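start.cif (mmCIF, C-alpha atoms) appears below.
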```cif
data_input
#
loop_
_atom_site.label_atom_id
_atom_site.label_comp_id
_atom_site.auth_asym_id
_atom_site.auth_seq_id
_atom_site.Cartn_x
_atom_site.Cartn_y
_atom_site.Cartn_z
CA MET A 1 65.42 113.77 112.63
CA SER A 2 69.01 113.82 113.71
CA THR A 3 71.95 113.83 111.37
CA ARG A 4 75.29 112.23 111.95
CA THR A 5 78.67 113.15 110.57
CA GLU A 6 81.68 110.90 110.47
CA ASP A 7 85.13 111.24 109.01
CA VAL A 8 85.70 108.98 106.03
CA ASP A 9 88.96 107.10 106.32
CA LEU A 10 89.89 106.56 102.65
CA VAL A 11 91.75 103.52 101.39
CA GLY A 12 94.84 104.30 99.27
CA ASP A 13 94.75 103.56 95.50
CA GLU A 14 97.47 100.91 95.63
CA THR A 15 95.87 99.11 98.57
CA ALA A 16 92.47 99.23 96.83
CA ILE A 17 93.92 97.51 93.75
CA ASN A 18 95.82 94.93 95.81
CA LEU A 19 92.71 94.21 97.84
CA ALA A 20 90.63 93.82 94.66
CA ARG A 21 93.23 91.47 93.17
CA ALA A 22 93.38 89.40 96.35
CA ALA A 23 89.59 89.10 96.43
CA LEU A 24 89.39 88.18 92.73
CA PHE A 25 92.10 85.52 93.18
CA ALA A 26 90.14 84.14 96.14
CA ALA A 27 87.07 83.95 93.90
CA LEU A 28 89.22 82.29 91.22
CA VAL A 29 90.46 79.61 93.66
CA GLY A 30 86.80 79.05 94.57
CA ALA A 31 85.77 78.89 90.91
CA PHE A 32 88.55 76.36 90.21
CA ALA A 33 86.59 73.98 92.50
CA TYR A 34 84.01 73.78 89.70
CA VAL A 35 86.51 72.80 86.98
CA THR A 36 87.49 69.14 87.17
CA PHE A 37 90.04 67.26 85.08
CA PRO A 38 90.68 63.50 84.88
CA ASN A 39 93.33 62.30 87.32
CA PRO A 40 96.13 60.47 85.46
CA VAL A 41 96.39 57.71 88.08
CA SER A 42 93.11 57.55 89.93
CA PRO A 43 89.37 57.56 89.22
CA VAL A 44 89.00 60.54 91.60
CA SER A 45 89.05 63.64 89.37
CA VAL A 46 91.20 66.65 90.29
CA THR A 47 90.33 70.33 90.51
CA LEU A 48 92.63 73.27 89.87
CA GLN A 49 92.39 74.73 93.40
CA VAL A 50 96.02 74.00 94.31
CA LEU A 51 97.06 75.60 91.00
CA GLY A 52 95.10 78.69 92.13
CA VAL A 53 97.04 78.69 95.43
CA PHE A 54 100.37 78.56 93.53
CA LEU A 55 99.29 81.35 91.16
CA ALA A 56 98.11 83.55 94.06
CA GLY A 57 101.59 83.32 95.59
CA ILE A 58 103.29 83.92 92.25
CA TYR A 59 101.21 86.88 91.02
CA LEU A 60 100.23 88.56 94.32
CA GLY A 61 103.38 87.89 96.36
CA PRO A 62 103.64 86.46 99.87
CA VAL A 63 101.53 89.10 101.68
CA TRP A 64 98.54 89.63 99.40
CA GLY A 65 98.74 86.02 98.16
CA ALA A 66 98.29 84.76 101.71
CA ALA A 67 95.59 87.41 102.36
CA SER A 68 93.76 86.21 99.26
CA LEU A 69 93.57 82.66 100.59
CA VAL A 70 92.42 83.96 103.99
CA PHE A 71 89.54 85.70 102.14
CA TYR A 72 88.83 82.39 100.42
CA LEU A 73 88.62 80.46 103.72
CA ALA A 74 86.56 83.15 105.46
CA ALA A 75 84.13 83.48 102.54
CA GLY A 76 83.74 79.70 102.35
CA GLY A 77 83.21 79.42 106.11
CA LEU A 78 80.54 82.12 105.94
CA GLY A 79 78.68 80.48 103.09
CA ALA A 80 80.25 81.21 99.67
CA PRO A 81 80.14 77.91 97.73
CA VAL A 82 83.92 77.80 97.17
CA PHE A 83 84.96 74.47 98.66
CA GLU A 84 85.14 71.10 96.92
CA GLY A 85 82.07 70.45 94.82
CA GLY A 86 80.61 73.87 95.62
CA SER A 87 80.15 73.21 99.34
CA ALA A 88 80.41 75.87 102.07
CA GLY A 89 80.13 76.44 105.79
CA VAL A 90 82.20 76.27 108.96
CA GLY A 91 81.78 72.48 108.96
CA VAL A 92 84.09 72.12 105.98
CA LEU A 93 86.79 74.13 107.79
CA VAL A 94 86.86 71.56 110.61
CA GLY A 95 86.03 68.52 108.47
CA GLN A 96 88.32 65.99 106.87
CA SER A 97 89.73 68.55 104.37
CA ALA A 98 90.53 71.00 107.16
CA GLY A 99 94.29 70.47 107.02
CA TYR A 100 94.49 71.09 103.27
CA LEU A 101 92.32 74.20 103.47
CA TRP A 102 94.10 75.83 106.41
CA SER A 103 97.45 75.24 104.71
CA TYR A 104 96.48 77.31 101.63
CA PRO A 105 97.39 80.76 103.03
CA LEU A 106 100.72 79.42 104.32
CA ALA A 107 101.43 77.64 101.03
CA ALA A 108 100.62 80.79 98.99
CA GLY A 109 102.84 82.82 101.34
CA ALA A 110 105.67 80.29 100.99
CA VAL A 111 105.40 80.16 97.18
CA GLY A 112 105.31 83.98 97.02
CA ALA A 113 108.26 84.38 99.39
CA VAL A 114 110.46 82.00 97.36
CA VAL A 115 109.44 83.39 93.94
CA HIS A 116 109.83 87.06 94.95
CA ARG A 117 112.69 86.49 97.46
CA GLY A 118 110.97 88.72 100.00
CA VAL A 119 107.89 90.92 100.15
CA ASP A 120 108.75 93.22 97.20
CA LEU A 121 107.30 91.87 93.96
CA ARG A 122 109.35 91.15 90.85
CA ASP A 123 108.23 90.06 87.39
CA PRO A 124 107.31 86.34 87.69
CA ALA A 125 108.27 85.78 84.01
CA SER A 126 111.89 86.67 84.87
CA VAL A 127 112.13 84.04 87.63
CA SER A 128 114.22 80.97 86.79
CA LEU A 129 112.61 77.60 86.19
CA VAL A 130 114.44 76.10 89.17
CA THR A 131 113.13 78.78 91.54
CA LEU A 132 109.57 78.33 90.27
CA ALA A 133 109.71 74.56 90.62
CA ALA A 134 111.30 74.83 94.09
CA ALA A 135 108.65 77.33 95.21
CA MET A 136 105.78 75.13 94.08
CA GLY A 137 107.46 71.99 95.43
CA LEU A 138 107.62 73.73 98.81
CA GLY A 139 103.97 74.81 98.46
CA THR A 140 102.89 71.24 97.67
CA ALA A 141 104.87 69.92 100.65
CA VAL A 142 103.18 72.44 102.99
CA ILE A 143 99.69 71.58 101.66
CA TYR A 144 100.14 67.81 101.96
CA ALA A 145 101.88 67.93 105.34
CA PHE A 146 98.99 69.93 106.81
CA GLY A 147 96.41 67.96 104.82
CA VAL A 148 97.59 64.55 105.98
CA ALA A 149 98.03 65.76 109.57
CA GLY A 150 94.48 67.17 109.43
CA LEU A 151 93.09 63.86 108.15
CA ALA A 152 94.90 61.95 110.88
CA ILE A 153 93.48 64.22 113.59
CA VAL A 154 89.93 64.61 112.24
CA LEU A 155 89.38 60.94 111.34
CA SER A 156 91.56 59.38 114.10
CA LEU A 157 93.91 57.72 111.59
CA ASP A 158 97.58 56.87 112.08
CA PRO A 159 100.10 58.61 109.76
CA VAL A 160 100.41 55.73 107.25
CA GLU A 161 96.63 55.37 106.97
CA ALA A 162 96.25 59.12 106.53
CA VAL A 163 98.82 59.16 103.72
CA THR A 164 96.99 56.25 102.04
CA VAL A 165 93.64 58.05 102.16
CA GLY A 166 94.83 61.59 101.59
CA ALA A 167 97.97 61.76 99.49
CA VAL A 168 98.81 58.70 97.39
CA ALA A 169 95.99 59.16 94.86
CA PHE A 170 96.49 62.92 94.54
CA LEU A 171 100.24 63.60 94.48
CA PRO A 172 100.81 62.59 90.81
CA ALA A 173 98.14 65.11 89.78
CA GLU A 174 100.08 67.83 91.64
CA ALA A 175 103.02 67.26 89.29
CA VAL A 176 100.66 67.97 86.36
CA LYS A 177 99.48 71.21 88.03
CA LEU A 178 103.08 72.23 88.67
CA ALA A 179 103.83 71.74 84.98
CA ALA A 180 100.75 73.77 84.06
CA ALA A 181 101.77 76.59 86.43
CA VAL A 182 105.28 76.74 84.98
CA GLY A 183 103.71 76.88 81.50
CA ILE A 184 101.47 79.77 82.56
CA VAL A 185 104.22 81.86 84.14
CA ARG A 186 106.84 81.27 81.44
CA SER A 187 104.59 81.83 78.42
CA ASP A 188 103.97 85.59 78.91
CA ALA A 189 100.29 84.74 78.57
CA ILE A 190 99.27 86.74 81.64
CA ALA A 191 98.72 90.28 80.40
CA ALA A 192 98.08 92.33 83.52
CA ALA A 193 100.78 91.00 85.87
CA MET B 1 70.83 73.05 93.83
CA THR B 2 73.44 75.07 95.66
CA LEU B 3 73.49 75.59 99.39
CA ALA B 4 73.08 79.33 99.74
CA TYR B 5 71.32 82.05 101.69
CA VAL B 6 67.54 81.77 101.38
CA PRO B 7 65.57 84.87 102.48
CA GLY B 8 63.12 84.06 105.23
CA ASP B 9 61.77 84.85 108.68
CA SER B 10 62.74 81.71 110.59
CA LEU B 11 64.16 81.72 114.11
CA ALA B 12 67.71 81.40 112.74
CA HIS B 13 67.14 84.24 110.26
CA ARG B 14 66.27 86.58 113.14
CA LEU B 15 69.38 85.72 115.17
CA ASP B 16 72.48 87.90 115.16
CA PRO B 17 75.16 86.26 112.96
CA ARG B 18 77.61 86.37 115.87
CA SER B 19 75.34 84.21 118.07
CA LYS B 20 75.02 81.72 115.22
CA LEU B 21 78.82 81.57 114.94
CA VAL B 22 79.10 80.95 118.70
CA VAL B 23 76.59 78.07 118.46
CA GLN B 24 78.53 76.56 115.54
CA GLY B 25 81.78 76.85 117.48
CA GLY B 26 80.10 75.19 120.46
CA VAL B 27 78.84 72.29 118.35
CA VAL B 28 82.31 71.79 116.82
CA ALA B 29 83.92 71.75 120.29
CA ALA B 30 81.30 69.38 121.69
CA ALA B 31 81.51 67.05 118.67
CA TYR B 32 85.26 66.71 119.17
CA ALA B 33 84.95 66.30 122.95
CA TYR B 34 82.09 63.76 122.87
CA THR B 35 82.88 61.49 119.90
CA THR B 36 80.80 58.69 121.40
CA PRO B 37 77.55 57.13 120.10
CA THR B 38 75.50 58.87 122.81
CA GLY B 39 77.23 62.23 122.42
CA LEU B 40 76.89 62.20 118.65
CA LEU B 41 73.24 61.13 118.88
CA ALA B 42 72.46 64.13 121.07
CA LEU B 43 74.44 66.44 118.77
CA THR B 44 72.65 65.00 115.72
CA ALA B 45 69.32 65.99 117.26
CA LEU B 46 70.72 69.46 118.00
CA ALA B 47 72.13 69.82 114.47
CA TRP B 48 68.80 68.90 112.85
CA GLY B 49 67.14 71.32 115.27
CA CYS B 50 69.47 74.09 114.01
CA LEU B 51 68.73 73.25 110.37
CA TRP B 52 64.99 73.11 111.12
CA ALA B 53 65.20 76.49 112.92
CA ALA B 54 66.75 77.88 109.71
CA GLY B 55 63.83 76.55 107.65
CA GLY B 56 66.06 73.97 105.95
CA ASP B 57 65.78 70.25 105.32
CA ARG B 58 67.94 67.39 104.04
CA ARG B 59 67.99 68.82 100.50
CA ASP B 60 70.33 71.54 101.83
CA LEU B 61 72.93 68.85 102.57
CA TRP B 62 73.22 67.61 98.98
CA GLU B 63 76.23 69.89 98.39
CA TYR B 64 78.21 67.95 100.96
CA ARG B 65 78.03 64.67 99.03
CA PHE B 66 81.68 65.22 97.97
CA ALA B 67 82.75 64.64 101.58
CA LEU B 68 81.22 61.15 101.59
CA PRO B 69 83.84 58.99 99.75
CA VAL B 70 86.63 59.80 102.24
CA LEU B 71 84.30 59.42 105.23
CA VAL B 72 83.15 56.00 103.97
CA VAL B 73 86.61 54.73 102.94
CA ALA B 74 88.53 55.92 106.02
CA PRO B 75 87.03 53.39 108.53
CA PHE B 76 87.99 50.51 106.21
CA VAL B 77 91.55 51.79 105.81
CA ALA B 78 91.81 52.27 109.58
CA GLY B 79 90.37 48.82 110.30
CA VAL B 80 92.55 46.79 107.94
CA ALA B 81 95.63 45.26 109.59
CA LEU B 82 98.62 43.51 108.00
CA GLY B 83 98.34 40.34 110.08
CA GLU B 84 96.07 38.87 112.74
CA PRO B 85 93.25 39.79 113.21
CA TRP B 86 93.29 41.37 109.69
CA PHE B 87 90.44 43.72 110.54
CA ARG B 88 90.34 45.70 113.78
CA VAL B 89 86.70 46.54 114.41
CA GLY B 90 87.50 48.92 117.27
CA ARG B 91 89.74 51.13 115.10
CA ALA B 92 87.18 51.13 112.30
CA VAL B 93 84.42 52.19 114.68
CA ASP B 94 86.58 55.01 116.12
CA THR B 95 87.23 56.38 112.64
CA ALA B 96 83.59 55.94 111.62
CA LEU B 97 82.49 57.96 114.67
CA ALA B 98 85.13 60.59 113.87
CA GLY B 99 83.78 60.75 110.33
CA TYR B 100 80.21 61.03 111.55
CA ARG B 101 81.04 64.02 113.75
CA VAL B 102 82.13 65.80 110.56
CA VAL B 103 78.62 65.21 109.17
CA VAL B 104 77.06 66.71 112.32
CA VAL B 105 79.19 69.85 112.00
CA LEU B 106 78.34 70.15 108.29
CA VAL B 107 74.62 70.12 109.12
CA VAL B 108 75.01 73.00 111.59
CA GLY B 109 77.12 74.91 109.04
CA ALA B 110 74.34 74.48 106.48
CA ALA B 111 71.89 76.11 108.90
CA TYR B 112 74.15 79.19 109.16
CA VAL B 113 74.68 79.45 105.41
CA ARG B 114 70.94 79.16 104.75
CA SER B 115 69.94 81.82 107.24
CA THR B 116 72.64 84.51 107.02
CA PRO B 117 72.95 87.12 104.23
CA VAL B 118 76.44 88.22 103.13
CA ARG B 119 75.94 91.76 104.45
CA ASP B 120 75.35 90.42 107.96
CA SER B 121 78.38 88.11 107.79
CA ARG B 122 80.51 91.03 106.65
CA ALA B 123 79.19 93.22 109.49
CA ALA B 124 79.89 90.39 111.96
CA ILE B 125 83.51 90.21 110.78
CA HIS B 126 83.85 93.98 110.94
CA HIS B 127 82.48 94.09 114.51
CA THR B 128 84.42 91.06 115.74
CA VAL B 129 87.88 91.37 114.14
CA PRO B 130 89.41 94.62 115.38
CA GLY B 131 90.89 97.46 113.32
CA THR B 132 92.04 97.46 109.70
CA ALA B 133 92.33 93.66 109.64
CA GLY B 134 88.58 93.35 110.24
CA ALA B 135 87.81 95.94 107.54
CA VAL B 136 90.10 94.21 104.99
CA LEU B 137 88.67 90.78 105.79
CA GLY B 138 85.09 92.07 105.62
CA VAL B 139 85.60 93.74 102.23
CA GLY B 140 87.53 90.75 100.88
CA VAL B 141 84.81 88.29 101.89
CA ALA B 142 82.04 90.48 100.45
CA LEU B 143 83.92 90.78 97.13
CA VAL B 144 84.47 87.01 96.94
CA PHE B 145 80.69 86.49 97.25
CA ARG B 146 80.07 89.18 94.62
CA PHE B 147 82.58 87.98 92.02
CA LEU B 148 82.45 84.18 92.42
CA PRO B 149 79.55 83.67 89.94
CA LEU B 150 81.28 85.87 87.34
CA VAL B 151 84.63 84.07 87.68
CA ILE B 152 82.91 80.66 87.44
CA GLN B 153 81.22 81.89 84.25
CA ASP B 154 84.62 83.06 82.89
CA LEU B 155 86.13 79.61 83.49
CA ARG B 156 83.15 77.78 81.98
CA SER B 157 83.28 79.86 78.81
CA ALA B 158 87.09 79.40 78.57
CA ARG B 159 86.62 75.67 78.94
CA ALA B 160 83.87 75.57 76.29
CA ALA B 161 86.14 77.55 73.94
CA VAL B 162 89.05 75.12 74.48
CA LYS B 163 86.70 72.18 73.86
CA SER B 164 85.16 73.61 70.68
CA ARG B 165 88.65 74.07 69.21
CA GLY B 166 89.49 70.40 69.68
CA GLY B 167 91.22 70.95 73.05
CA GLY B 168 90.03 67.53 74.22
CA ARG B 169 92.95 65.99 72.32
CA LEU B 170 95.57 68.06 74.21
CA PRO B 171 97.45 66.65 77.22
CA VAL B 172 95.83 67.37 80.61
CA HIS B 173 98.45 69.90 81.76
CA GLU B 174 98.02 71.85 78.51
CA ARG B 175 94.23 71.99 78.95
CA MET B 176 94.72 73.09 82.57
CA ARG B 177 97.11 75.79 81.40
CA LEU B 178 94.71 77.17 78.79
CA VAL B 179 91.74 77.32 81.19
CA ALA B 180 93.86 78.79 84.01
CA VAL B 181 95.46 81.46 81.78
CA ALA B 182 92.01 82.63 80.65
CA GLY B 183 90.77 82.59 84.24
CA VAL B 184 93.74 84.51 85.67
CA ASN B 185 93.72 87.10 82.86
CA ARG B 186 90.02 87.81 83.25
CA ALA B 187 90.28 87.86 87.07
CA LEU B 188 93.21 90.32 86.97
CA GLY B 189 91.32 92.47 84.43
CA ARG B 190 88.24 92.54 86.63
CA ALA B 191 90.41 93.28 89.70
CA ASP B 192 92.11 96.26 88.08
CA ARG B 193 88.80 97.76 86.88
CA LEU B 194 87.30 97.11 90.32
CA GLY B 195 90.30 98.68 92.10
CA ALA B 196 90.06 101.83 89.94
CA ALA B 197 86.29 101.99 90.50
CA LEU B 198 86.66 101.57 94.27
CA ALA B 199 89.26 104.35 94.44
CA ALA B 200 86.99 106.62 92.36
CA ARG B 201 84.04 106.02 94.70
CA CYS B 202 85.69 106.99 98.00
CA PHE B 203 86.39 103.42 99.12
CA ALA B 204 86.79 103.80 102.89
CA TRP B 205 88.00 101.75 105.84
CA ASN B 206 84.83 102.68 107.77
CA PRO B 207 81.83 101.78 105.58
CA THR B 208 78.20 102.03 106.69
CA LEU B 209 77.19 98.48 107.58
CA PRO B 210 73.88 97.06 108.82
CA ALA B 211 73.50 97.58 112.58
CA LEU B 212 73.83 94.35 114.53
CA ALA B 213 72.21 93.92 117.93
CA PHE B 214 71.64 91.03 120.31
CA ASP B 215 68.06 90.45 121.58
CA ASP B 216 66.40 87.91 123.90
CA THR B 217 66.55 85.04 121.40
CA ASP B 218 70.25 85.75 120.97
CA SER B 219 70.82 85.33 124.70
CA LEU B 220 69.33 81.82 124.42
CA ALA B 221 71.57 81.02 121.44
CA LEU B 222 74.62 82.44 123.22
CA ALA B 223 73.77 80.39 126.31
CA LEU B 224 73.46 77.26 124.15
CA GLY B 225 76.81 77.94 122.44
CA GLY B 226 78.48 78.82 125.75
CA GLY B 227 77.02 75.68 127.38
CA LEU B 228 78.39 73.49 124.60
CA PHE B 229 81.83 75.08 124.96
CA ALA B 230 81.72 74.57 128.73
CA ALA B 231 80.66 70.93 128.30
CA ALA B 232 83.54 70.38 125.88
CA LEU B 233 85.98 72.10 128.23
CA ALA B 234 84.80 69.93 131.11
CA THR B 235 86.20 66.82 129.38
CA VAL B 236 89.63 68.43 129.07
CA LEU B 237 89.92 69.75 132.62
#
```

If you took the structure in this file and wrote it as structure tokens, what would it be?
Amino acid sequence: MSTRTEDVDLVGDETAINLARAALFAALVGAFAYVTFPNPVSPVSVTLQVLGVFLAGIYLGPVWGAASLVFYLAAGGLGAPVFEGGSAGVGVLVGQSAGYLWSYPLAAGAVGAVVHRGVDLRDPASVSLVTLAAAMGLGTAVIYAFGVAGLAIVLSLDPVEAVTVGAVAFLPAEAVKLAAAVGIVRSDAIAAA
Amino acid sequence: MTLAYVPGDSLAHRLDPRSKLVVQGGVVAAAYAYTTPTGLLALTALAWGCLWAAGGDRRDLWEYRFALPVLVVAPFVAGVALGEPWFRVGRAVDTALAGYRVVVVLVVGAAYVRSTPVRDSRAAIHHTVPGTAGAVLGVGVALVFRFLPLVIQDLRSARAAVKSRGGGRLPVHERMRLVAVAGVNRALGRADRLGAALAARCFAWNPTLPALAFDDTDSLALALGGGLFAAALATVL
């Protein structure tokens, strides 16, 4: 029987922790798909996934926040039940939600970049309310711009029709998530950040 | 019932994950290139064939029921016009066909999910995406699979705790905040323990993964995927 030797290329401690955090946040965004809340203006209930995208940007920063959402998309495409209603598979990534999903890494990166003003992390609790709101407003704009464009392409709709189907019923709920996210960051409730 | 990997010995289970990804890519390309009744009929037969080859049936598609409302509503929104003729049948049919192609792609995706274990998907990423990026993506994906059930459990218990303390009377954003704070705190706690454990156990960029190899059946699958891509490309050129 032959033996084989290989050099082990170790991962640094800091990278290991960042990678673990990014993966856990990806799992959290997936788990948020299972928690639904009533939508204030529509019978369609809302999940907390977009809140997860905001929080990934805020707590992991632009680089690892975006990486986290790439893990989320890849895991979902390869079969982890992390998409809406616990669905999975490559089909979802090219289906009618494609635009929203593909925008998540960009949105997390944008939120992280605004909150941390670059790639070096700072304490999110010290960030001003205006910056937080602006960051998440930008994140929401990115998600809905991609989401509506995706709907228009995938379902052959014109822009007004796509906005009717894909944004009007959901945007008011985003304001509620934004308020929740501000509450989370400003309340010092997150222990390990 | 959740769509998930089911151990088995079907044709799709024996295929290399990379060939299955190529076939899926081919079906997606073909579905977008041939969004016609005939094209989608042929692709429907192919998609069911894929699901059948993975030992699956229509029960595997139950998880996709959340896609239905938008797919059903969209043709009506597209068809309605503010003036004569009030409803444009042609536009509605176009959007209905576009919606149906999403269903076809979902069926093929279900076949992959049913027949491919996480370890193989991770190895496929590691072999396909070059360098550190592939290693990071592979580890990240494997960890998401591993921790998702635990994080879902964390959120459910947080939600039950909020409810049992009369949280139902709080405004929605306050309930969201309480559940999310519990979720983020537990996820960060798990991540830090996991990070320390990984560092203590010689976590490396070059792990030992299952060996992947193409065989004769894979050449057929690759030919099928390649053929679909070529057919899709032919409509563009």

Residues of chain B at most 7 Å from chain A: nearest atom pair and distance in Å, only C-alpha atoms, as a tab-separated table:
```
residue	atom	partner	partner_atom	distance
B:Ala4	CA	A:Gly79	CA	6.6
B:Glu63	CA	A:Ser87	CA	5.2
B:Tyr64	CA	A:Ser87	CA	5.8
B:Phe66	CA	A:Gly85	CA	6.1
B:Ala74	CA	A:Val165	CA	6.7
B:Val77	CA	A:Glu161	CA	6.3
B:Ala78	CA	A:Leu157	CA	6.2
B:Asp94	CA	A:Ser156	CA	6.9
B:Thr95	CA	A:Leu155	CA	5.2
B:Ala98	CA	A:Leu155	CA	5.0
B:Gly99	CA	A:Leu155	CA	5.7
B:Val102	CA	A:Gly95	CA	5.2
B:Val105	CA	A:Gly91	CA	4.8
B:Leu106	CA	A:Gly91	CA	4.2
B:Gly109	CA	A:Gly89	CA	4.7
B:Ala110	CA	A:Gly89	CA	6.2
B:Val113	CA	A:Gly79	CA	4.7
B:Ser121	CA	A:Leu78	CA	6.6
B:Leu137	CA	A:Phe71	CA	6.3
B:Gly140	CA	A:Ala23	CA	5.2
B:Val141	CA	A:Ala75	CA	4.9
B:Leu143	CA	A:Ala23	CA	6.0
B:Val144	CA	A:Ala27	CA	5.0
B:Phe145	CA	A:Ala80	CA	5.8
B:Phe147	CA	A:Ala27	CA	6.3
B:Leu148	CA	A:Ala27	CA	4.9
B:Val151	CA	A:Leu28	CA	6.1
B:Ile152	CA	A:Ala31	CA	4.8
B:His173	CA	A:Ala180	CA	5.1
B:Glu174	CA	A:Ala180	CA	6.5
B:Met176	CA	A:Ala180	CA	6.2
B:Arg177	CA	A:Ala180	CA	4.9
B:Val181	CA	A:Ile184	CA	6.3
B:Asn185	CA	A:Ile190	CA	5.7
B:Ala187	CA	A:Leu24	CA	5.7
B:Leu188	CA	A:Ala192	CA	6.3
B:Gly189	CA	A:Ala192	CA	6.8
B:Ala191	CA	A:Arg21	CA	4.8
B:Asp192	CA	A:Ile17	CA	6.1
B:Leu194	CA	A:Ala20	CA	6.4
B:Gly195	CA	A:Ile17	CA	4.1
B:Ala196	CA	A:Ile17	CA	6.9
B:Leu198	CA	A:Ala16	CA	6.8
B:Ala199	CA	A:Asp13	CA	5.6
B:Cys202	CA	A:Leu10	CA	6.3
B:Phe203	CA	A:Val11	CA	5.8
B:Ala204	CA	A:Leu10	CA	4.2
B:Trp205	CA	A:Asp9	CA	5.5
B:Asn206	CA	A:Asp9	CA	6.2
```

Item to check | Atom-to-atom span, atom CA of A:Ala169 and atom CA of A:Pro105, Å | outcome: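 Atom CA of A:Pro105 lies 23.1 Å from atom CA of A:Ala169.
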
Expand the PyMOL selection byres ((chain B and resi 27) around 12) into the individual residues it matches in the shown file, reporting them as a short mmCIF file (atom, residue, chain, number, x, y, z; two decimals) with C-alpha atoms, keeping the file's coordinate frame.
```
data_model
loop_
_atom_site.label_atom_id
_atom_site.label_comp_id
_atom_site.auth_asym_id
_atom_site.auth_seq_id
_atom_site.Cartn_x
_atom_site.Cartn_y
_atom_site.Cartn_z
CA VAL A 90 82.20 76.27 108.96
CA GLY A 91 81.78 72.48 108.96
CA VAL A 94 86.86 71.56 110.61
CA LYS B 20 75.02 81.72 115.22
CA LEU B 21 78.82 81.57 114.94
CA VAL B 22 79.10 80.95 118.70
CA VAL B 23 76.59 78.07 118.46
CA GLN B 24 78.53 76.56 115.54
CA GLY B 25 81.78 76.85 117.48
CA GLY B 26 80.10 75.19 120.46
CA VAL B 28 82.31 71.79 116.82
CA ALA B 29 83.92 71.75 120.29
CA ALA B 30 81.30 69.38 121.69
CA ALA B 31 81.51 67.05 118.67
CA TYR B 32 85.26 66.71 119.17
CA ALA B 33 84.95 66.30 122.95
CA TYR B 34 82.09 63.76 122.87
CA THR B 35 82.88 61.49 119.90
CA GLY B 39 77.23 62.23 122.42
CA LEU B 40 76.89 62.20 118.65
CA ALA B 42 72.46 64.13 121.07
CA LEU B 43 74.44 66.44 118.77
CA THR B 44 72.65 65.00 115.72
CA ALA B 45 69.32 65.99 117.26
CA LEU B 46 70.72 69.46 118.00
CA ALA B 47 72.13 69.82 114.47
CA TRP B 48 68.80 68.90 112.85
CA CYS B 50 69.47 74.09 114.01
CA ARG B 101 81.04 64.02 113.75
CA VAL B 102 82.13 65.80 110.56
CA VAL B 103 78.62 65.21 109.17
CA VAL B 104 77.06 66.71 112.32
CA VAL B 105 79.19 69.85 112.00
CA LEU B 106 78.34 70.15 108.29
CA VAL B 107 74.62 70.12 109.12
CA VAL B 108 75.01 73.00 111.59
CA GLY B 109 77.12 74.91 109.04
CA ALA B 221 71.57 81.02 121.44
CA LEU B 224 73.46 77.26 124.15
CA GLY B 225 76.81 77.94 122.44
CA GLY B 226 78.48 78.82 125.75
CA GLY B 227 77.02 75.68 127.38
CA LEU B 228 78.39 73.49 124.60
CA PHE B 229 81.83 75.08 124.96
CA ALA B 230 81.72 74.57 128.73
CA ALA B 231 80.66 70.93 128.30
CA ALA B 232 83.54 70.38 125.88
#
```

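Interatomic distance, atom CA of A:Pro62 to atom CA of A:Gly118: 7.7 Å.
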
Next on the checklist: Suppose a student applies the PyMOL selection byres ((chain A and resi 134) around 12) to this structure; what residues should they get, written as JSON, numbers by chain?
Outcome noted: {"A": [54, 110, 111, 112, 113, 114, 115, 127, 128, 129, 130, 131, 132, 133, 135, 136, 137, 138, 139, 140, 141, 178, 182]}

Item to check | Contact residues around B:Ala123 with all atoms listed in the file at 10 Å, ignoring same-chain residues under 6 positions, as a PyMOL selection string | outcome: chain B and resi 17-18+134-135+138-139+142+207-212

Checklist outcome for this item: Using only C-alpha atoms, the residue out of A:Ile58, A:Leu171, A:Val148, A:Val63 with shortest distance to A:Leu101 is A:Val148

Checklist entry - Suppose you want the space between atom CA of B:Leu150 and atom CA of B:Ala197; what is it in Å? => result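 So the answer is 17.2 Å.
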
Do you know which residues are at most 9 Å from A:Phe146 counting all atoms listed in the file, after dropping those on the same chain fewer than 6 positions away, and could you put them as a PDB file with C-alpha atoms, in the coordinates of the input?
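Dumped everything to result25.pdb:
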```pdb
ATOM      1  CA  ALA A  98      90.530  71.000 107.160  1.00  0.00           C
ATOM      2  CA  GLY A  99      94.290  70.470 107.020  1.00  0.00           C
ATOM      3  CA  TYR A 100      94.490  71.090 103.270  1.00  0.00           C
ATOM      4  CA  LEU A 101      92.320  74.200 103.470  1.00  0.00           C
ATOM      5  CA  TRP A 102      94.100  75.830 106.410  1.00  0.00           C
ATOM      6  CA  SER A 103      97.450  75.240 104.710  1.00  0.00           C
TER       7      SER A 103
END
```

Please define a box with edges along x, y and z of the file around all atoms of stretch 134-141 of chain A given in the file, extend it by 4 Å on each side, and return its centre and edge lengths in Å to one decimal, as AutoDock Vina command-line options.
```
--center_x 107.1 --center_y 73.6 --center_z 97.4 --size_x 16.4 --size_y 15.4 --size_z 14.6
```
